[in-house]
Amino acid sequence: MHYQKLLWTTICAMAILSCDTQQKQETEVPVLTPTTTEDINVLKEGGQYNLTYYIDHPADDGRIEASVSPEGWIDDINTETPGIVSFNASANESEEIREASMEVTYIYTGGEPQSFSVRIVQEAADGTDDPDNPDDPDNPDDPDNPDDPDNPSDAPFTITVTDITYSTADITIVPDDLSMPFIVWVDEASEINGLDDDALFTEDLTIMESTAAVMGQSLQGYINLIIKHGEQNRKQGKLNPSTEYAVWCYGIDNSGSYPERTTSIAREIFITDVPEVTDNGITLEVEVTGNTFSAVATPYTNDKYYNLNWNSESTLQNSGITDGTAAERCFEFEYDYMSQYLAFMPVTSWANVKQGPATTSSTFKNEDTYYVFAYFIKDDATADGDIYIKTIEYDGETATVLDAPGASFLRASNTDRKVERPMP
């Protein structure tokens, strides 16, 4: 699903957090830790669900296996993504609640297998939930129960979106209770269309569990990092042009063994603008948030492929590419790399080769000069016209191209599944 595409940012963070010496990796024993510690509640319609885990000091030959008992209504178990076990639950057409147990096992050479189990509970066809589930509509603690005076059906927030551009929007969230802890998310509206409050909160929890697992944190620890209090004002960046987005927020109680939603979900929809298109060319805009940049490219036509990428001056110098303009040298680096694979990998298979409006972003690691560029590309990896380029100077603390927007509310999600060219 699209909401997982930005998970690469937390994967990068995890790569930094998990760095260790080779000696330590060789001597410490792997430890399997579940980060889904409560029952997984499945809607009667079924669908895709995840459970998450974390492995300290993983072995080189370690692997995850998962099985379910009893079998029959859970299938398509997938363990390929580190930290996540996904599965599909079929629709429940009976009038009975049904349960299953999924066992997750970590196996590696030289040690005993480690495992944990998670209970999976699916509501009956008539909508009857697990009586222990606080989201049961007959439970007075259900956040959507209009008879509960502490949880009114109208979400106690005011969301205002102003100054919308092709890639930014000013978002203001004002809760009725300024002391209430709450969470704010932004994602493309298509990702939440048709989801009621319970389904949306379930998806959010799945994302938060996955992100926490990748970061090596507990779910509660990760939520504590993103909880908001009081009025919030942000200039949201990294948005795609001409795209419908949703902002939503809800109160949350993170004090117990598992987080609970305490209010209905407030939602607001907005649409980003379309940048003025360069005649027969590509409009390229770049914004910076602290040490992270976001670039938006808008071609004059959606029919032509173009390369949208970035590089640094130190990488070009270390690669021996020193002659010519920055645009010419960035192109030479791209061409030298991509042309090596043309025999079995067409240019359109690269993740940085786009059609239509697109974005790219990254985080600066070292003091350097960085370049973001775009150009129409031919099948032989040569440029088809001008090379559009922006320069970013990073002094080790701040980077400046345009006025920097504020912190992001964007949810995590999957990166583009096409082949990515390694970058420094």
# chains A, B, ... in the order shown; residues from 1 in each chain; ligands from 1

$ residues_around --residues "Gln232 of chain A" --least-positions-apart "6" --cutoff "7 Å" --atoms "only C-alpha atoms" --output "number ranges by chain"
A: 172-174

$ select_by_dssp --residues "segment 20-268 of chain A" --states "strand (DSSP E)" --output "MDAnalysis selection string"
chainID A and resid 31:34 40:42 47:56 63:69 74:78 84:89 98:107 114:122 157:162 169:175 182:188 232:236 244:253 260:261 266:268

$ residues_around --residues "Thr105 of chain A" --least-positions-apart "3" --cutoff "7 Å" --atoms "only C-alpha atoms" --output "list in words"
Ile64, Glu65, Ala66, Pro113, Gln114, Ser115 and Phe116 of chain A

$ closest_residue --among "A:Gln220, A:Thr278, A:Ser255, A:Thr315" --to "Arg329 of chain A" --atoms "only C-alpha atoms"
A:Thr315

$ residues_around --residues "Trp310 of chain A" --least-positions-apart "5" --cutoff "7 Å" --atoms "only C-alpha atoms" --output "list in words"
Tyr371, Val372 and Phe373 of chain A

$ write_last_selection --atoms "N, CA and C atoms" --output "CSV table (one decimal), in the first residue's frame"
chain,number,residue,atom,x,y,z
A,371,TYR,N,23.6,18.4,-5.8
A,371,TYR,CA,22.9,18.8,-7.0
A,371,TYR,C,21.7,17.9,-7.2
A,372,VAL,N,20.6,18.5,-7.5
A,372,VAL,CA,19.3,17.8,-7.9
A,372,VAL,C,19.1,18.1,-9.3
A,373,PHE,N,18.8,17.1,-10.2
A,373,PHE,CA,18.7,17.4,-11.6
A,373,PHE,C,17.6,16.5,-12.2

$ residues_around --residues "Val286 of chain A" --least-positions-apart "4" --cutoff "8 Å" --atoms "only C-alpha atoms" --output "PyMOL selection string"
chain A and resi 293-296+372+390+401-402

$ residues_around --residues "Ala326 of chain A" --least-positions-apart "4" --cutoff "10 Å" --atoms "only C-alpha atoms" --output "list in words"
Asn311, Ser312, Glu313, Leu316, Ile321, Thr322, Cys330, Phe331, Glu332, Tyr370, Tyr371, Phe373, Ile387, Ile389, Lys390 and Thr391 of chain A

$ residues_around --residues "Gly47 of chain A" --least-positions-apart "6" --cutoff "10 Å" --atoms "only C-alpha atoms" --output "PyMOL selection string"
chain A and resi 74+87-91

$ closest_residue --among "A:Thr363, A:Ser86, A:Thr52, A:Asn41" --to "Ala124 of chain A" --atoms "only C-alpha atoms"
A:Asn41

$ atom_distance --atom1 "atom CA of Ser210 of chain A" --atom2 "atom CA of Gly83 of chain A"
6.9 Å

$ closest_residue --among "A:Thr37, A:Glu45, A:Asp56, A:Asn240" --to "Arg119 of chain A" --atoms "only C-alpha atoms"
A:Thr37

$ select_by_dssp --residues "segment 55-223 of chain A" --states "alpha helix (DSSP H)" --output "ChimeraX atom specification"
/A:197-215,219-223

$ write_last_selection --atoms "C-alpha atoms" --output "short mmCIF file (atom, residue, chain, number, x, y, z; two decimals), in the first residue's frame"
data_model
loop_
_atom_site.label_atom_id
_atom_site.label_comp_id
_atom_site.auth_asym_id
_atom_site.auth_seq_id
_atom_site.Cartn_x
_atom_site.Cartn_y
_atom_site.Cartn_z
CA ASP A 197 -12.50 5.37 11.87
CA ASP A 198 -11.82 1.85 13.15
CA ALA A 199 -10.28 0.65 9.88
CA LEU A 200 -8.15 3.77 9.54
CA PHE A 201 -6.85 3.50 13.09
CA THR A 202 -6.03 -0.17 12.51
CA GLU A 203 -3.99 0.76 9.43
CA ASP A 204 -2.22 3.51 11.36
CA LEU A 205 -1.31 1.08 14.13
CA THR A 206 0.04 -1.38 11.58
CA ILE A 207 2.27 1.32 10.12
CA MET A 208 3.41 2.50 13.54
CA GLU A 209 4.24 -1.05 14.62
CA SER A 210 6.27 -1.62 11.45
CA THR A 211 8.11 1.68 11.85
CA ALA A 212 8.83 1.01 15.51
CA ALA A 213 10.19 -2.44 14.65
CA VAL A 214 12.54 -1.06 12.02
CA MET A 215 13.76 1.59 14.46
CA LEU A 219 5.28 0.67 19.75
CA GLN A 220 4.63 2.83 22.80
CA GLY A 221 8.11 4.32 22.59
CA TYR A 222 7.62 5.27 18.94
CA ILE A 223 4.19 6.79 19.62
#

$ atom_distance --atom1 "atom CA of Thr348 of chain A" --atom2 "atom CA of Ser167 of chain A"
24.7 Å

$ closest_residue --among "A:Ser242, A:Asn233, A:Thr283, A:Asn78" --to "Pro299 of chain A" --atoms "only C-alpha atoms"
A:Thr283
